[in-house]
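The structure file input14.txt is reproduced below (compact mmCIF, C-alpha atoms and all ligand atoms).
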# COMPACT_ATOMS: atom_id res chain seq x y z
CA MET U 1 39.56 24.10 -14.59
CA GLN U 2 36.29 22.48 -15.55
CA SER U 3 37.79 19.02 -15.96
CA THR U 4 39.41 19.22 -12.48
CA LEU U 5 36.00 19.98 -11.00
CA PHE U 6 34.51 17.09 -12.95
CA ARG U 7 37.16 14.71 -11.66
CA ARG U 8 36.58 15.83 -8.08
CA VAL U 9 32.84 15.37 -8.40
CA THR U 10 33.34 11.90 -9.91
CA ALA U 11 35.76 10.92 -7.13
CA ALA U 12 33.34 12.15 -4.45
CA LEU U 13 30.45 10.30 -6.04
CA THR U 14 32.49 7.07 -6.28
CA LEU U 15 33.48 7.36 -2.63
CA LEU U 16 29.86 7.95 -1.66
CA LEU U 17 28.77 4.96 -3.71
CA VAL U 18 31.41 2.62 -2.26
CA SER U 19 30.66 3.61 1.32
CA GLY U 20 26.93 3.46 0.51
CA VAL U 21 27.26 -0.12 -0.72
CA SER U 22 29.19 -1.22 2.38
CA VAL U 23 26.72 0.52 4.72
CA ALA U 24 23.82 -1.04 2.81
CA SER U 25 25.23 -4.56 2.94
CA ASP U 26 26.02 -4.12 6.65
CA TRP U 27 22.47 -3.03 7.28
CA ALA U 28 21.10 -5.85 5.13
CA GLU U 29 22.95 -8.38 7.25
CA ARG U 30 21.84 -6.93 10.57
CA SER U 31 18.21 -6.36 9.70
CA ASN U 32 17.66 -9.65 7.87
CA VAL U 33 16.36 -7.95 4.75
CA ASN U 34 18.41 -10.22 2.56
CA LEU U 35 17.22 -13.65 1.48
CA ARG U 36 17.94 -16.04 4.33
CA PRO U 37 20.45 -18.85 3.78
CA GLY U 38 18.15 -21.38 5.45
CA VAL U 39 19.29 -24.67 6.92
CA THR U 40 19.47 -27.16 4.05
CA ASN U 41 22.07 -27.61 1.31
CA ILE U 42 19.51 -26.58 -1.28
CA SER U 43 18.56 -23.43 0.58
CA GLN U 44 22.29 -22.56 0.82
CA ASP U 45 22.63 -23.16 -2.94
CA VAL U 46 19.64 -20.91 -3.58
CA PHE U 47 21.15 -18.24 -1.36
CA ASP U 48 24.55 -18.41 -3.11
CA LEU U 49 22.85 -18.24 -6.49
CA HIS U 50 20.86 -15.23 -5.34
CA MET U 51 24.04 -13.44 -4.23
CA VAL U 52 25.87 -14.17 -7.50
CA ILE U 53 22.98 -12.87 -9.60
CA LEU U 54 22.54 -9.87 -7.30
CA TRP U 55 26.18 -8.87 -7.81
CA ILE U 56 25.99 -9.38 -11.58
CA VAL U 57 22.87 -7.24 -11.98
CA SER U 58 24.23 -4.63 -9.57
CA LEU U 59 27.45 -4.28 -11.59
CA ILE U 60 25.52 -4.08 -14.87
CA GLY U 61 23.22 -1.49 -13.35
CA LEU U 62 26.15 0.58 -12.08
CA LEU U 63 27.88 0.39 -15.45
CA VAL U 64 24.81 1.36 -17.50
CA PHE U 65 23.55 4.12 -15.22
CA GLY U 66 27.13 5.35 -14.70
CA LEU U 67 27.58 5.67 -18.48
CA ILE U 68 24.26 7.49 -18.82
CA MET U 69 25.19 9.93 -16.04
CA TYR U 70 28.64 10.46 -17.46
CA SER U 71 27.31 11.09 -20.98
CA ALA U 72 24.61 13.43 -19.75
CA VAL U 73 27.16 15.53 -17.88
CA ALA U 74 30.16 15.34 -20.22
CA HIS U 75 28.18 15.89 -23.42
CA ARG U 76 25.73 18.46 -22.11
CA ARG U 77 24.43 21.00 -24.60
CA SER U 78 26.47 23.94 -23.28
CA LYS U 79 29.61 22.06 -24.30
CA ARG U 80 28.37 21.92 -27.94
CA PRO U 81 29.24 18.19 -28.26
CA GLN U 82 30.19 16.69 -31.59
CA ALA U 83 28.53 13.30 -31.93
CA ALA U 84 31.08 10.54 -32.54
CA ASP U 85 30.49 8.43 -35.60
CA PHE U 86 30.97 4.69 -35.08
CA HIS U 87 28.21 3.48 -37.34
CA GLU U 88 28.70 -0.09 -38.64
CA ASN U 89 31.61 -0.73 -36.31
CA VAL U 90 31.88 -4.51 -36.56
CA PHE U 91 33.94 -4.92 -33.39
CA LEU U 92 31.44 -2.99 -31.25
CA GLU U 93 28.40 -4.77 -32.69
CA VAL U 94 29.89 -8.20 -32.10
CA PHE U 95 31.05 -7.13 -28.63
CA TRP U 96 27.66 -5.91 -27.40
CA THR U 97 25.95 -9.00 -28.75
CA VAL U 98 28.39 -11.58 -27.44
CA LEU U 99 28.96 -10.06 -24.00
CA PRO U 100 25.30 -10.17 -22.84
CA PHE U 101 25.06 -13.68 -24.29
CA ILE U 102 28.02 -14.82 -22.19
CA ILE U 103 26.56 -13.15 -19.09
CA LEU U 104 23.19 -14.84 -19.65
CA ILE U 105 24.77 -18.27 -20.08
CA GLY U 106 26.88 -17.60 -16.99
CA MET U 107 23.67 -17.05 -15.00
CA ALA U 108 21.58 -19.78 -16.64
CA VAL U 109 23.99 -22.66 -16.01
CA PRO U 110 24.16 -22.46 -12.19
CA ALA U 111 20.46 -21.48 -11.99
CA THR U 112 19.40 -24.53 -14.01
CA ARG U 113 21.61 -26.79 -11.92
CA VAL U 114 19.91 -25.64 -8.69
CA LEU U 115 16.43 -25.79 -10.24
CA ILE U 116 16.93 -29.38 -11.35
CA ALA U 117 18.21 -30.36 -7.90
CA MET U 118 15.20 -28.71 -6.25
CA ASP U 119 12.88 -30.70 -8.46
CA ASP U 120 14.42 -34.12 -7.83
CA SER U 121 12.30 -35.68 -5.10
CA SER U 122 13.42 -39.25 -5.90
CA ASP U 123 14.61 -41.65 -3.19
CA ALA U 124 12.68 -39.95 -0.41
CA GLU U 125 12.22 -42.08 2.71
CA LEU U 126 9.22 -40.21 4.09
CA THR U 127 6.24 -38.94 2.08
CA VAL U 128 3.82 -36.43 3.57
CA LYS U 129 0.75 -35.09 1.78
CA VAL U 130 0.22 -31.43 2.60
CA THR U 131 -3.25 -29.98 1.97
CA GLY U 132 -4.17 -26.30 2.23
CA TYR U 133 -7.62 -25.21 3.36
CA ARG U 134 -9.27 -21.91 4.17
CA TRP U 135 -7.53 -21.45 6.66
CA ASN U 136 -5.33 -24.19 7.96
CA TRP U 137 -3.17 -27.08 6.75
CA SER U 138 -3.54 -30.81 7.10
CA TYR U 139 -0.70 -33.33 7.06
CA GLU U 140 -1.12 -36.93 6.02
CA TYR U 141 1.82 -39.29 6.48
CA LEU U 142 1.65 -41.67 3.53
CA SER U 143 4.81 -43.74 3.67
CA TYR U 144 7.92 -44.00 5.80
CA GLN U 145 10.76 -46.33 4.80
CA ASP U 146 9.14 -49.76 4.20
CA ASP U 147 5.79 -48.76 5.68
CA ASN U 148 3.42 -47.74 2.89
CA ASP U 149 0.38 -47.41 5.13
CA VAL U 150 1.30 -45.04 7.93
CA GLY U 151 -2.22 -43.64 8.27
CA ILE U 152 -1.45 -40.56 10.35
CA PHE U 153 -3.60 -37.57 9.48
CA TYR U 154 -4.23 -34.35 11.34
CA PHE U 155 -5.01 -30.67 10.96
CA SER U 156 -2.71 -27.89 12.07
CA ASN U 157 -4.31 -24.67 13.34
CA LEU U 158 -2.93 -21.31 14.39
CA LYS U 159 -2.26 -21.28 18.14
CA THR U 160 -2.06 -17.52 18.75
CA PRO U 161 -5.07 -16.59 20.90
CA ALA U 162 -7.62 -14.33 19.25
CA GLU U 163 -7.12 -11.48 21.72
CA GLN U 164 -3.50 -11.12 20.59
CA TYR U 165 -4.31 -10.21 17.03
CA ASN U 166 -6.55 -7.63 18.49
CA ARG U 167 -9.54 -7.63 16.25
CA PRO U 168 -11.97 -5.32 17.93
CA ILE U 169 -15.62 -6.12 18.10
CA LEU U 170 -17.12 -3.05 16.53
CA LYS U 171 -20.21 -1.38 17.76
CA ASP U 172 -22.17 -1.94 14.55
CA GLY U 173 -21.10 -5.57 14.30
CA LEU U 174 -18.79 -4.87 11.36
CA PHE U 175 -15.81 -7.15 11.68
CA PRO U 176 -12.93 -6.48 11.63
CA TYR U 177 -13.06 -3.22 9.72
CA GLY U 178 -13.76 0.24 11.02
CA THR U 179 -12.06 3.50 11.84
CA ALA U 180 -9.69 4.23 14.69
CA ALA U 181 -12.61 5.69 16.66
CA ASP U 182 -14.33 2.29 16.64
CA ARG U 183 -11.30 0.71 18.25
CA VAL U 184 -11.25 2.92 21.32
CA GLY U 185 -11.07 0.86 24.46
CA VAL U 186 -9.25 -2.07 22.85
CA GLU U 187 -6.31 -2.73 25.12
CA PRO U 188 -3.07 -3.82 23.45
CA VAL U 189 -2.19 -7.38 24.49
CA GLU U 190 1.34 -8.73 24.87
CA LYS U 191 2.15 -11.04 21.98
CA ASP U 192 3.75 -14.49 22.07
CA ALA U 193 7.30 -14.93 20.79
CA ASN U 194 6.01 -16.92 17.84
CA TYR U 195 3.03 -14.68 17.29
CA MET U 196 0.98 -15.79 14.25
CA LEU U 197 3.46 -18.59 13.51
CA ALA U 198 3.00 -21.24 16.20
CA VAL U 199 0.34 -23.92 15.62
CA ASP U 200 -1.44 -26.45 17.81
CA LYS U 201 -0.03 -29.51 16.02
CA PRO U 202 3.11 -28.96 13.94
CA LEU U 203 4.34 -30.99 11.01
CA VAL U 204 7.01 -33.35 12.36
CA ILE U 205 9.87 -34.62 10.19
CA PRO U 206 13.17 -36.37 10.86
CA ALA U 207 16.60 -34.80 10.34
CA GLY U 208 19.05 -36.47 7.98
CA VAL U 209 16.22 -38.11 6.01
CA LYS U 210 14.96 -37.04 2.62
CA VAL U 211 11.31 -36.03 2.95
CA ARG U 212 8.96 -35.66 -0.01
CA PHE U 213 5.94 -33.38 0.23
CA LEU U 214 2.91 -33.85 -2.00
CA VAL U 215 1.28 -30.44 -1.99
CA THR U 216 -2.35 -29.84 -2.85
CA ALA U 217 -5.38 -27.84 -1.71
CA ASP U 218 -9.00 -28.50 -0.87
CA ASP U 219 -10.71 -25.24 -1.81
CA VAL U 220 -8.67 -22.40 -3.34
CA ILE U 221 -5.02 -21.96 -4.30
CA HIS U 222 -2.63 -21.80 -1.34
CA SER U 223 1.15 -22.03 -1.28
CA PHE U 224 3.36 -24.11 0.98
CA PHE U 225 6.22 -21.75 1.83
CA MET U 226 9.10 -22.86 4.09
CA PRO U 227 11.92 -20.36 3.50
CA ASP U 228 14.44 -22.23 5.68
CA PHE U 229 14.08 -25.27 3.41
CA ALA U 230 13.87 -23.20 0.20
CA ILE U 231 10.41 -24.62 -0.50
CA LYS U 232 7.62 -22.60 -2.04
CA LYS U 233 5.09 -24.78 -3.83
CA ASP U 234 1.64 -23.80 -4.99
CA ALA U 235 -1.11 -25.88 -3.43
CA ILE U 236 -3.77 -26.15 -6.12
CA PRO U 237 -7.08 -28.02 -5.85
CA GLY U 238 -7.03 -31.06 -8.16
CA PHE U 239 -3.26 -30.96 -8.68
CA VAL U 240 -0.45 -32.57 -6.73
CA ASN U 241 2.83 -30.66 -6.70
CA GLU U 242 6.01 -32.14 -5.32
CA ALA U 243 8.67 -30.65 -3.10
CA TRP U 244 11.32 -32.17 -0.88
CA THR U 245 13.76 -31.38 1.85
CA LEU U 246 16.67 -32.95 3.64
CA VAL U 247 17.41 -31.16 6.89
CA PRO U 248 20.96 -31.88 8.10
CA GLU U 249 21.28 -33.94 11.27
CA ASP U 250 22.73 -31.03 13.23
CA ALA U 251 19.83 -28.73 12.34
CA THR U 252 17.06 -30.22 14.46
CA GLY U 253 14.63 -27.64 15.81
CA THR U 254 11.50 -25.73 14.93
CA TYR U 255 11.07 -23.84 11.69
CA TYR U 256 8.25 -21.62 10.54
CA GLY U 257 6.62 -20.82 7.24
CA GLN U 258 3.38 -19.40 5.94
CA CYS U 259 0.83 -19.70 3.22
CA ALA U 260 2.27 -17.60 0.41
CA GLU U 261 -0.67 -17.34 -1.97
CA LEU U 262 -3.39 -14.85 -1.14
CA CYS U 263 -6.23 -17.28 -0.38
CA GLY U 264 -8.87 -15.13 1.23
CA LYS U 265 -9.64 -13.13 4.30
CA ASN U 266 -7.65 -15.20 6.78
CA HIS U 267 -4.67 -15.89 4.53
CA ALA U 268 -2.36 -14.61 7.28
CA PHE U 269 -3.84 -17.04 9.82
CA MET U 270 -2.57 -20.34 8.41
CA PRO U 271 1.11 -20.56 9.34
CA ILE U 272 3.27 -23.66 8.97
CA GLU U 273 5.30 -24.97 11.89
CA VAL U 274 7.76 -27.78 11.24
CA ARG U 275 9.45 -29.63 14.07
CA VAL U 276 12.60 -31.40 12.92
CA LEU U 277 13.51 -34.28 15.24
CA ALA U 278 16.54 -36.55 15.39
CA GLN U 279 15.65 -39.70 13.51
CA ASN U 280 15.32 -41.94 16.61
CA GLU U 281 12.98 -39.41 18.24
CA PHE U 282 10.99 -39.22 15.04
CA ASP U 283 10.72 -43.00 14.93
CA SER U 284 9.16 -43.11 18.38
CA TRP U 285 6.89 -40.15 17.54
CA ILE U 286 5.57 -41.84 14.41
CA ALA U 287 5.05 -45.16 16.25
CA GLU U 288 3.08 -43.39 18.97
CA GLU U 289 0.93 -41.47 16.46
CA LYS U 290 0.27 -44.66 14.50
CA GLU U 291 -0.96 -46.37 17.62
CA LYS U 292 -3.26 -43.44 18.40
CA ALA U 293 -4.64 -43.44 14.86
CA ALA U 294 -5.25 -47.21 14.97
CA SER U 295 -7.13 -47.20 18.28
CA GLY U 296 -10.14 -45.35 16.79
CA PRO U 297 -11.98 -42.34 18.17
CA ASP U 298 -12.19 -41.72 21.89
CA LEU U 299 -15.88 -41.83 22.87
CA THR U 300 -15.44 -41.40 26.63
CA PRO U 301 -18.51 -39.47 27.79
CA PHE U 302 -18.12 -36.11 29.50
CA SER U 303 -18.70 -36.33 33.25
CA SER U 304 -19.96 -32.77 33.49
CA LEU U 305 -21.03 -29.79 31.44
CA GLU U 306 -17.91 -27.97 32.67
CA SER U 307 -15.47 -30.58 31.33
CA ALA U 308 -17.20 -30.51 27.92
CA MET U 309 -17.15 -26.70 27.94
CA GLU U 310 -13.43 -26.64 28.70
CA LEU U 311 -12.49 -28.82 25.73
CA GLY U 312 -15.12 -27.06 23.63
CA GLN U 313 -13.57 -23.68 24.30
CA GLN U 314 -10.12 -24.93 23.23
CA LYS U 315 -11.44 -26.42 20.03
CA TYR U 316 -13.63 -23.38 19.34
CA ALA U 317 -10.50 -21.20 19.58
CA ALA U 318 -8.68 -23.46 17.11
CA ALA U 319 -11.39 -24.24 14.57
CA CYS U 320 -14.27 -21.73 14.78
CA VAL U 321 -13.00 -18.40 16.07
CA LEU U 322 -11.64 -17.10 12.76
CA CYS U 323 -15.08 -17.10 11.15
CA HIS U 324 -17.51 -16.85 14.06
CA GLY U 325 -15.61 -14.50 16.38
CA ALA U 326 -14.22 -14.88 19.90
CA GLU U 327 -17.54 -13.80 21.41
CA GLY U 328 -19.69 -15.72 18.94
CA GLN U 329 -20.56 -12.40 17.37
CA GLY U 330 -20.10 -13.74 13.84
CA GLY U 331 -18.03 -12.25 11.05
CA ILE U 332 -17.41 -14.17 7.89
CA GLY U 333 -19.63 -16.85 9.49
CA LEU U 334 -23.02 -16.56 11.17
CA PRO U 335 -23.26 -15.19 14.71
CA PHE U 336 -23.72 -17.82 17.46
CA ALA U 337 -24.76 -15.57 20.31
CA GLY U 338 -28.53 -15.87 20.57
CA SER U 339 -28.76 -17.93 17.34
CA ALA U 340 -32.13 -19.70 16.92
CA LEU U 341 -30.39 -23.02 16.23
CA MET U 342 -28.19 -22.84 19.31
CA THR U 343 -30.76 -21.73 21.80
CA ASP U 344 -33.49 -24.27 20.89
CA SER U 345 -32.91 -27.55 22.76
CA SER U 346 -34.97 -29.53 20.22
CA ARG U 347 -32.46 -28.68 17.47
CA VAL U 348 -29.32 -30.33 18.92
CA GLN U 349 -29.25 -32.97 16.16
CA GLU U 350 -29.44 -30.30 13.45
CA ASN U 351 -26.54 -28.52 15.15
CA ILE U 352 -24.49 -31.73 15.01
CA ASP U 353 -25.39 -32.28 11.33
CA VAL U 354 -24.23 -28.80 10.32
CA LEU U 355 -20.83 -29.33 11.93
CA ILE U 356 -20.38 -32.81 10.46
CA LYS U 357 -21.74 -32.18 6.96
CA GLY U 358 -21.19 -28.48 6.52
CA ARG U 359 -23.77 -26.06 5.17
CA ASN U 360 -23.41 -23.42 2.43
CA ALA U 361 -19.98 -21.78 2.90
CA MET U 362 -19.42 -23.62 6.20
CA PRO U 363 -17.14 -26.63 5.56
CA SER U 364 -17.54 -30.09 7.08
CA PHE U 365 -15.51 -30.59 10.24
CA ALA U 366 -15.86 -34.38 10.27
CA ALA U 367 -12.19 -34.88 9.32
CA GLN U 368 -10.87 -32.03 11.37
CA LEU U 369 -12.41 -32.74 14.77
CA THR U 370 -12.95 -36.06 16.57
CA PRO U 371 -16.51 -36.98 17.67
CA ARG U 372 -15.54 -36.05 21.22
CA GLU U 373 -14.27 -32.65 20.09
CA ILE U 374 -17.38 -32.05 17.99
CA ALA U 375 -19.57 -32.86 21.00
CA ALA U 376 -17.51 -30.47 23.11
CA VAL U 377 -17.66 -27.65 20.54
CA ILE U 378 -21.44 -27.98 20.19
CA THR U 379 -21.87 -28.02 23.95
CA TYR U 380 -19.73 -24.89 24.07
CA GLN U 381 -21.72 -23.12 21.32
CA ARG U 382 -25.00 -23.90 23.11
CA ASN U 383 -23.85 -22.67 26.51
CA ALA U 384 -21.36 -19.87 25.85
CA PHE U 385 -22.11 -16.39 24.48
CA GLY U 386 -25.17 -16.14 26.73
CA ASN U 387 -26.90 -19.09 25.01
CA ASN U 388 -27.07 -21.01 28.34
CA THR U 389 -29.27 -23.88 27.12
CA GLY U 390 -27.74 -26.38 29.55
CA ASP U 391 -27.53 -28.91 26.65
CA LEU U 392 -24.69 -31.39 27.14
CA VAL U 393 -23.82 -33.25 23.92
CA GLN U 394 -21.96 -36.56 24.40
CA PRO U 395 -19.42 -38.12 21.98
CA ALA U 396 -21.80 -41.04 21.41
CA ASP U 397 -24.51 -38.64 20.11
CA VAL U 398 -22.06 -37.44 17.48
CA ALA U 399 -20.61 -40.83 16.57
CA LYS U 400 -24.00 -42.22 15.56
CU CU F 501 -3.70 -20.10 2.08
Turn this file's structure into C-alpha cells for me.
Amino acid sequence: MQSTLFRRVTAALTLLLVSGVSVASDWAERSNVNLRPGVTNISQDVFDLHMVILWIVSLIGLLVFGLIMYSAVAHRRSKRPQAADFHENVFLEVFWTVLPFIILIGMAVPATRVLIAMDDSSDAELTVKVTGYRWNWSYEYLSYQDDNDVGIFYFSNLKTPAEQYNRPILKDGLFPYGTAADRVGVEPVEKDANYMLAVDKPLVIPAGVKVRFLVTADDVIHSFFMPDFAIKKDAIPGFVNEAWTLVPEDATGTYYGQCAELCGKNHAFMPIEVRVLAQNEFDSWIAEEKEKAASGPDLTPFSSLESAMELGQQKYAAACVLCHGAEGQGGIGLPFAGSALMTDSSRVQENIDVLIKGRNAMPSFAAQLTPREIAAVITYQRNAFGNNTGDLVQPADVAK
C-alpha cells in the first residue's frame, strides 16, 4: 500500500520535473535569459560550452538532490531504517573518486580549448587601442594591414538625451537622489530604441578581418564588454589587456556592449557601440577619417553667438551634462548657473584653462574636444543657465 503511494508520488514528481524543465527552457529561449550565442565563431563556441556545462551540472544536481530526497523519504524515522554497512567497499570508493575525475576532465578539455582560442590575438590585421574613462571610451586606431601609423583617435559618448534618463532636479539641489515625493511633476519621456546604448561616435571595424583590441583605462578599472563577440576584458590603468574578434562577413551591423566593471557613479552611462562594416566600406571610412585627422583642427571662427551656442549645447550634452547637470545645476561637478567664473567677463581665459588643463576632480578635455568645440562649450556655459554674459569665445582664443 505504502510503496504504491510512494511510486505514484515519484512518478508525479518526475512528470512535474520533466514538464518544468521543458517549460523553463522554452521560457529561457523566448525571454533571452540564456547566454546569447553572439555573432562570431568564438561566441558560438562559448555558448556551446556553456550549454554543455549547464547540462552536466544540472544532471549532477538532479542526481544528488534526488538521492537526498529519496533517502529522506524512504529511510524516514517512522520506518525504523537499518543502516546499510558498506564500509571499506573498494569498488564504491574507486567509483566515486574516478567518476568525478572523469567528469572534471570532460569539462576542462573543451573549456581550455576555447580559452586558448580566445586568448590568441596573433595575425590581427587591425589594432585598436580601447581606453576607458569616467565615463566614456576612446578608440585609437594604431595599425591596419601595412599601415602602422593610422593616427585616428576619438572619444565615444552616450547619445541618449539627459531628459530620457529622467533624473529629476530636486528642490534641495540633491542630485539625483531623493524620495518619490521629490520627483512629483517629472513627466515620463519616451525613450529611444537604443536607450542608454547608442553613442555619438561608435567604434567602427571591418567584417571578415581579425581585429585586435588593446584594452586599458585612464583613471579607474573599467571593463570592455561586448557580449556578441564574447569579449569581456578588464580595462586597468597602467596595464594593457588584449582581446580580439573576427566578425563573419555576413554579420555586418551594429552591436552594443557596456562597461562591465563598477567604475563610479555614471558606470551605466558609458555604453559601447560597434559598427561592423563590409571591408570595402571600412576601407573608405578609415581613409576619410585619416584625412580628417591629418588636416589639423578646424579653427573657423563662429559668425554669431547663436551658432557657437548651438554647437556648444550639443557638446555640453555629450561631455559635461553627466557631472554638471542638464540645467547647469551641478551634481558630481560644480554648478554652472550663476557661477562666479562664468558670469565674470574678465575670467574667460581662466574658464578656457580649466577646460583644457582640468582642475581638481575635473579632467582635462584637451584630447576629447577640438579647440572649436571647447570655444563653443565655454560660450554655451557663459550664456546658458541664465548666465547671459554675451561672451563669444572663438576657436583661435582656445588654440593659443
Ligand atoms: Cu566604466
**OP:** Kindly work out which residues sit at most 7 Å from ligand CU 501 (chain F), using only C-alpha atoms and all ligand atoms, and give the list as an MDAnalysis selection string.
**Re:** chainID U and resid 132:135 221:223 259:263 267 270
**OP:** Skip segment 65-68 of chain U itself and residues of its chain fewer than 5 positions away, then list as a count of residues only all residues within 12 Å of it, counting all atoms listed in the file.
**Re:** 12
Subject >> Surrounding residues of Gln279 of chain U excluding itself and chain neighbours under 3 positions, 8 Å, only C-alpha atoms, as a ChimeraX atom specification >> reply: /U:206-209,282-283
Original post:
When distances are computed from only C-alpha atoms, which of U:Arg347, U:Ser156, U:Asp250, U:Ala12 shows the smallest separation from Thr389 of chain U?
Top reply: U:Arg347
**OP:** Check the smallest atom-to-atom distance from each of U:Val98, U:Val128, U:Ile103, U:Ala318 to Leu214 of chain U using only C-alpha atoms, then report the winner.
**Re:**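 Once distances to Leu214 of chain U are computed over only C-alpha atoms, the minimum belongs to U:Val128.
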Subject >> One-decimal distance in Å that lies between atom CA of Ala230 of chain U and atom CA of Lys201 of chain U >> reply: 22.0 Å
Original post:
U:Pro297, U:Gly333, U:Pro227, U:Gly338: which is nearest Phe47 of chain U, counting only C-alpha atoms?
Top reply: U:Pro227
Original post:
So what do you get for atom CA of Ala326 of chain U versus atom CA of Phe302 of chain U, distance-wise?
Top reply: 23.6 Å
Original post:
For Asp219 of chain U, which of U:Met118, U:Met362, U:Ile231, U:Leu369 is the closest residue, counting all atoms listed in the file?
Top reply: U:Met362
Residue completion, segment 33-51 of chain U, N, CA and C atoms, as a PDB file, in the coordinates of the input:
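And here's rebuild08.pdb as it stands now:
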ATOM      1  N   VAL U  33      17.156  -8.241   5.938  1.00  0.00           N
ATOM      2  CA  VAL U  33      16.360  -7.950   4.750  1.00  0.00           C
ATOM      3  C   VAL U  33      16.773  -8.816   3.575  1.00  0.00           C
ATOM      4  N   ASN U  34      17.971  -9.372   3.660  1.00  0.00           N
ATOM      5  CA  ASN U  34      18.410 -10.220   2.560  1.00  0.00           C
ATOM      6  C   ASN U  34      17.666 -11.552   2.598  1.00  0.00           C
ATOM      7  N   LEU U  35      17.728 -12.282   1.505  1.00  0.00           N
ATOM      8  CA  LEU U  35      17.220 -13.650   1.480  1.00  0.00           C
ATOM      9  C   LEU U  35      17.938 -14.416   2.600  1.00  0.00           C
ATOM     10  N   ARG U  36      17.223 -15.343   3.274  1.00  0.00           N
ATOM     11  CA  ARG U  36      17.940 -16.040   4.330  1.00  0.00           C
ATOM     12  C   ARG U  36      18.572 -17.323   3.801  1.00  0.00           C
ATOM     13  N   PRO U  37      19.760 -17.666   4.312  1.00  0.00           N
ATOM     14  CA  PRO U  37      20.450 -18.850   3.780  1.00  0.00           C
ATOM     15  C   PRO U  37      19.726 -20.148   4.104  1.00  0.00           C
ATOM     16  N   GLY U  38      18.871 -20.153   5.118  1.00  0.00           N
ATOM     17  CA  GLY U  38      18.150 -21.380   5.450  1.00  0.00           C
ATOM     18  C   GLY U  38      19.033 -22.410   6.106  1.00  0.00           C
ATOM     19  N   VAL U  39      18.549 -23.650   6.189  1.00  0.00           N
ATOM     20  CA  VAL U  39      19.290 -24.670   6.920  1.00  0.00           C
ATOM     21  C   VAL U  39      19.670 -25.873   6.073  1.00  0.00           C
ATOM     22  N   THR U  40      19.150 -25.982   4.853  1.00  0.00           N
ATOM     23  CA  THR U  40      19.470 -27.160   4.050  1.00  0.00           C
ATOM     24  C   THR U  40      20.509 -26.816   2.989  1.00  0.00           C
ATOM     25  N   ASN U  41      21.088 -27.849   2.375  1.00  0.00           N
ATOM     26  CA  ASN U  41      22.070 -27.610   1.310  1.00  0.00           C
ATOM     27  C   ASN U  41      21.436 -26.850   0.157  1.00  0.00           C
ATOM     28  N   ILE U  42      20.192 -27.244  -0.175  1.00  0.00           N
ATOM     29  CA  ILE U  42      19.510 -26.580  -1.280  1.00  0.00           C
ATOM     30  C   ILE U  42      19.277 -25.112  -0.963  1.00  0.00           C
ATOM     31  N   SER U  43      18.838 -24.828   0.259  1.00  0.00           N
ATOM     32  CA  SER U  43      18.560 -23.430   0.580  1.00  0.00           C
ATOM     33  C   SER U  43      19.857 -22.612   0.548  1.00  0.00           C
ATOM     34  N   GLN U  44      20.992 -23.257   0.914  1.00  0.00           N
ATOM     35  CA  GLN U  44      22.290 -22.560   0.820  1.00  0.00           C
ATOM     36  C   GLN U  44      22.640 -22.316  -0.654  1.00  0.00           C
ATOM     37  N   ASP U  45      22.376 -23.318  -1.502  1.00  0.00           N
ATOM     38  CA  ASP U  45      22.630 -23.160  -2.940  1.00  0.00           C
ATOM     39  C   ASP U  45      21.805 -22.013  -3.507  1.00  0.00           C
ATOM     40  N   VAL U  46      20.526 -21.967  -3.094  1.00  0.00           N
ATOM     41  CA  VAL U  46      19.640 -20.910  -3.580  1.00  0.00           C
ATOM     42  C   VAL U  46      20.158 -19.551  -3.135  1.00  0.00           C
ATOM     43  N   PHE U  47      20.630 -19.495  -1.884  1.00  0.00           N
ATOM     44  CA  PHE U  47      21.150 -18.240  -1.360  1.00  0.00           C
ATOM     45  C   PHE U  47      22.398 -17.798  -2.143  1.00  0.00           C
ATOM     46  N   ASP U  48      23.321 -18.747  -2.371  1.00  0.00           N
ATOM     47  CA  ASP U  48      24.550 -18.410  -3.110  1.00  0.00           C
ATOM     48  C   ASP U  48      24.206 -17.921  -4.515  1.00  0.00           C
ATOM     49  N   LEU U  49      23.268 -18.615  -5.145  1.00  0.00           N
ATOM     50  CA  LEU U  49      22.850 -18.240  -6.490  1.00  0.00           C
ATOM     51  C   LEU U  49      22.288 -16.810  -6.485  1.00  0.00           C
ATOM     52  N   HIS U  50      21.460 -16.556  -5.484  1.00  0.00           N
ATOM     53  CA  HIS U  50      20.860 -15.230  -5.340  1.00  0.00           C
ATOM     54  C   HIS U  50      21.941 -14.152  -5.222  1.00  0.00           C
ATOM     55  N   MET U  51      22.987 -14.440  -4.416  1.00  0.00           N
ATOM     56  CA  MET U  51      24.040 -13.440  -4.230  1.00  0.00           C
ATOM     57  C   MET U  51      24.823 -13.213  -5.526  1.00  0.00           C
TER      58      MET U  51
END
